[in-house]
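Peer 1: Sharing a structure, written as structure tokens. Questions coming.
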Amino acid sequence: MKPVNAAMSSRQDQFEALVRGHSTDLYRYAYWLCGQEALAQDLVQDTFLRAWRALDRLREVSAVKAWLITILRREHARLFERKSMASDDIDDIDLPDPQATPERSTEESRLRQAMASLEPKYREPLVLQVLGGFSCSEIAEQLGLGEAAVMTQLFRARQKLKGQLGLEDPLAEVSEL
Amino acid sequence: MNCLEFRRHLGSEPGSQRKEFIAHREACPGCSAAQLRADAFESRLLNALRVQAPTNLADRILLAQTTEMRSGDRYRRRRFAMLTLAAAASILIAVVAVNRYDQPVPPLSAMVIEHLQEHVVHADDLAASLPPERVMEAFAERGVKLGSVPAGVDYVHKCPAGPYRTVHMVMPEAEGPITVVYVVDTPPAPGSSFRSGKDFGREVRMGQGSLVMIGPSDRHFESIAASWRDALGNAVAENQAKQIPESLTGELLILQSVITPYDAAGSSACTTCR
């Protein structure tokens, strides 16, 4: 199902489809951006309220996800500007593991902790790529960076994660070849 | 693409669809295995990142949106109503301001202006400031007892203006002399500010009569009226007003049509008064 159906006559229907199609992904992105469930929920709500007001300006249905992410990033920046909070310290926050159950592997929890401890400049492009499915060029556009810089950050992000988890370094493996 | 380039690219974009990336993977068993390990890691990473969203998140957002929409509508309606009121008030003020002097000259003032065309006060007639007794005397002869006399009355004379009994005065101001005529027992018409040629005019209720002010500027009308209000206090005309014949209204309208700009510096004398 397309998130926004051009044939929909009602603006409200269009918005509802947008919310139902993207709120979960947006929440996850917000969560990894700020590290707090309640704040992430507020951010997503504020994002959609802004999206509602600006819905008439949405021209490309295919770009809706990037559009929402842009709004959310701005909301996040605005929020931290208002509260004078440091946005890059989510590793200081004791992240609960929302999916922690005895059946879940400890590796997943360790991965989450490792993600939370990553610097935002590594964490954010990785979340956009893995969760959002954006290409390097799209992430570069979203973050206002060069594509090469984004690729470097993504490589280092994975390298750091694997390092924390004790997994092999792909480049070290190459040098052994 | 060599192995090092492949692994670098794999670390940046494991799901890459670049031709040289795919070609190297198919040709290199070591890198193909690295891709499999990378895919497994990506899968675990994706699962880790997929934190559970709050239950009914979408419904909560939609509820917030409809609530905001309603309050926004209320706010917009209230704002629209306020703007409409403000616009109406502005228009009213503008209309009043613009039309304040677009009013036709009221009959009483028309008669006074007609009188002034004949009764022109010469510069020689003006005293620096008349003794208050002279002014009080003029009013007393019209049956009005003044409590005090405002400063700066340079000329005073009892004049008939048509059927009205008046006291004709001149009070100099910076912009030029203001003719102040007290009409003893006739109240002014409502909304009585007007223009007559280049001159400004205003009728103000004063006791049972009217104060008619005519001059090159209306800047001092308020203060002149206030000073005369103080002077008159509770003074009441002792004599009753003459009844104005019903036919007079028509006569006044005719007079109005022949009004010419008042010239305080004119030189013709008032034969009626002298």
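Here's how to read the names in the structure tokens: chain A, B, ... by the order shown, residue numbers from 1 in each chain, ligand numbers from 1 in the order shown.
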Sorted by chain and rising residue number, list the residues of chain A at most 8 Å from chain B (counting only C-alpha atoms), each with its closest atom pair and distance in Å to one decimal, as JSON lines.
Peer 2:
```
{"residue": "A:Glu16", "atom": "CA", "partner": "B:Leu62", "partner_atom": "CA", "distance": 7.0}
{"residue": "A:Val19", "atom": "CA", "partner": "B:Ala58", "partner_atom": "CA", "distance": 5.8}
{"residue": "A:Arg20", "atom": "CA", "partner": "B:Ala58", "partner_atom": "CA", "distance": 5.6}
{"residue": "A:Ser23", "atom": "CA", "partner": "B:Ala58", "partner_atom": "CA", "distance": 6.1}
{"residue": "A:Thr24", "atom": "CA", "partner": "B:Ala53", "partner_atom": "CA", "distance": 5.8}
{"residue": "A:Tyr27", "atom": "CA", "partner": "B:Ala53", "partner_atom": "CA", "distance": 6.4}
{"residue": "A:Arg28", "atom": "CA", "partner": "B:Val51", "partner_atom": "CA", "distance": 6.1}
{"residue": "A:Trp32", "atom": "CA", "partner": "B:Leu49", "partner_atom": "CA", "distance": 7.9}
{"residue": "A:Gln41", "atom": "CA", "partner": "B:Pro54", "partner_atom": "CA", "distance": 7.9}
{"residue": "A:Gln45", "atom": "CA", "partner": "B:Ile61", "partner_atom": "CA", "distance": 5.5}
{"residue": "A:Phe48", "atom": "CA", "partner": "B:Ile61", "partner_atom": "CA", "distance": 7.2}
{"residue": "A:Leu49", "atom": "CA", "partner": "B:Gln65", "partner_atom": "CA", "distance": 6.0}
{"residue": "A:Trp52", "atom": "CA", "partner": "B:Gln65", "partner_atom": "CA", "distance": 7.7}
{"residue": "A:Pro98", "atom": "CA", "partner": "B:Val51", "partner_atom": "CA", "distance": 6.1}
{"residue": "A:Gln99", "atom": "CA", "partner": "B:Val51", "partner_atom": "CA", "distance": 6.6}
{"residue": "A:Glu108", "atom": "CA", "partner": "B:Ala48", "partner_atom": "CA", "distance": 5.4}
{"residue": "A:Ser109", "atom": "CA", "partner": "B:Ala48", "partner_atom": "CA", "distance": 7.2}
{"residue": "A:Leu111", "atom": "CA", "partner": "B:Ala48", "partner_atom": "CA", "distance": 6.4}
{"residue": "A:Arg112", "atom": "CA", "partner": "B:Ala48", "partner_atom": "CA", "distance": 5.9}
{"residue": "A:Val127", "atom": "CA", "partner": "B:Leu49", "partner_atom": "CA", "distance": 7.6}
{"residue": "A:Val130", "atom": "CA", "partner": "B:Leu46", "partner_atom": "CA", "distance": 6.1}
{"residue": "A:Leu131", "atom": "CA", "partner": "B:Leu46", "partner_atom": "CA", "distance": 6.6}
{"residue": "A:Cys136", "atom": "CA", "partner": "B:Glu13", "partner_atom": "CA", "distance": 7.5}
{"residue": "A:Met151", "atom": "CA", "partner": "B:Ser12", "partner_atom": "CA", "distance": 5.1}
{"residue": "A:Thr152", "atom": "CA", "partner": "B:Ser12", "partner_atom": "CA", "distance": 6.8}
{"residue": "A:Gln153", "atom": "CA", "partner": "B:Ser12", "partner_atom": "CA", "distance": 7.8}
{"residue": "A:Leu154", "atom": "CA", "partner": "B:Ser12", "partner_atom": "CA", "distance": 4.9}
{"residue": "A:Phe155", "atom": "CA", "partner": "B:Ser12", "partner_atom": "CA", "distance": 4.3}
{"residue": "A:Arg156", "atom": "CA", "partner": "B:Gly11", "partner_atom": "CA", "distance": 7.9}
{"residue": "A:Arg158", "atom": "CA", "partner": "B:Gly11", "partner_atom": "CA", "distance": 6.5}
{"residue": "A:Gln159", "atom": "CA", "partner": "B:Gly11", "partner_atom": "CA", "distance": 7.6}
{"residue": "A:Pro170", "atom": "CA", "partner": "B:Arg7", "partner_atom": "CA", "distance": 6.2}
{"residue": "A:Leu171", "atom": "CA", "partner": "B:Arg7", "partner_atom": "CA", "distance": 6.4}
{"residue": "A:Val174", "atom": "CA", "partner": "B:Leu4", "partner_atom": "CA", "distance": 6.3}
```
Peer 1: Tell me which protein, DNA and RNA residues are within 6 Å of Tyr182 in chain B, counting only C-alpha atoms, leaving out same-chain ones fewer than 3 positions away, and put them as a PyMOL selection string.
Peer 2: chain B and resi 166-167+210-211
Peer 1: At what distance in Å, to one decimal, does CA of Ser135 in chain A lie from CA of Glu147 in chain A?
Peer 2: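 About the pair CA of Glu147 in chain A and CA of Ser135 in chain A: they are 9.6 Å apart.
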Peer 1: Any chance you could list, as a PyMOL selection string, the residues in range 31-89 of chain A that come up helix (DSSP H, G or I) when DSSP is run on the backbone?
Peer 2: chain A and resi 31-34+37-53+55-57+61-83
Peer 1: Expressed in Å to a single decimal, how great is the separation between CA of Gln14 in chain A and CA of Phe134 in chain A?
Peer 2: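 Computing the Euclidean distance for CA of Gln14 in chain A and CA of Phe134 in chain A yields 23.1 Å.
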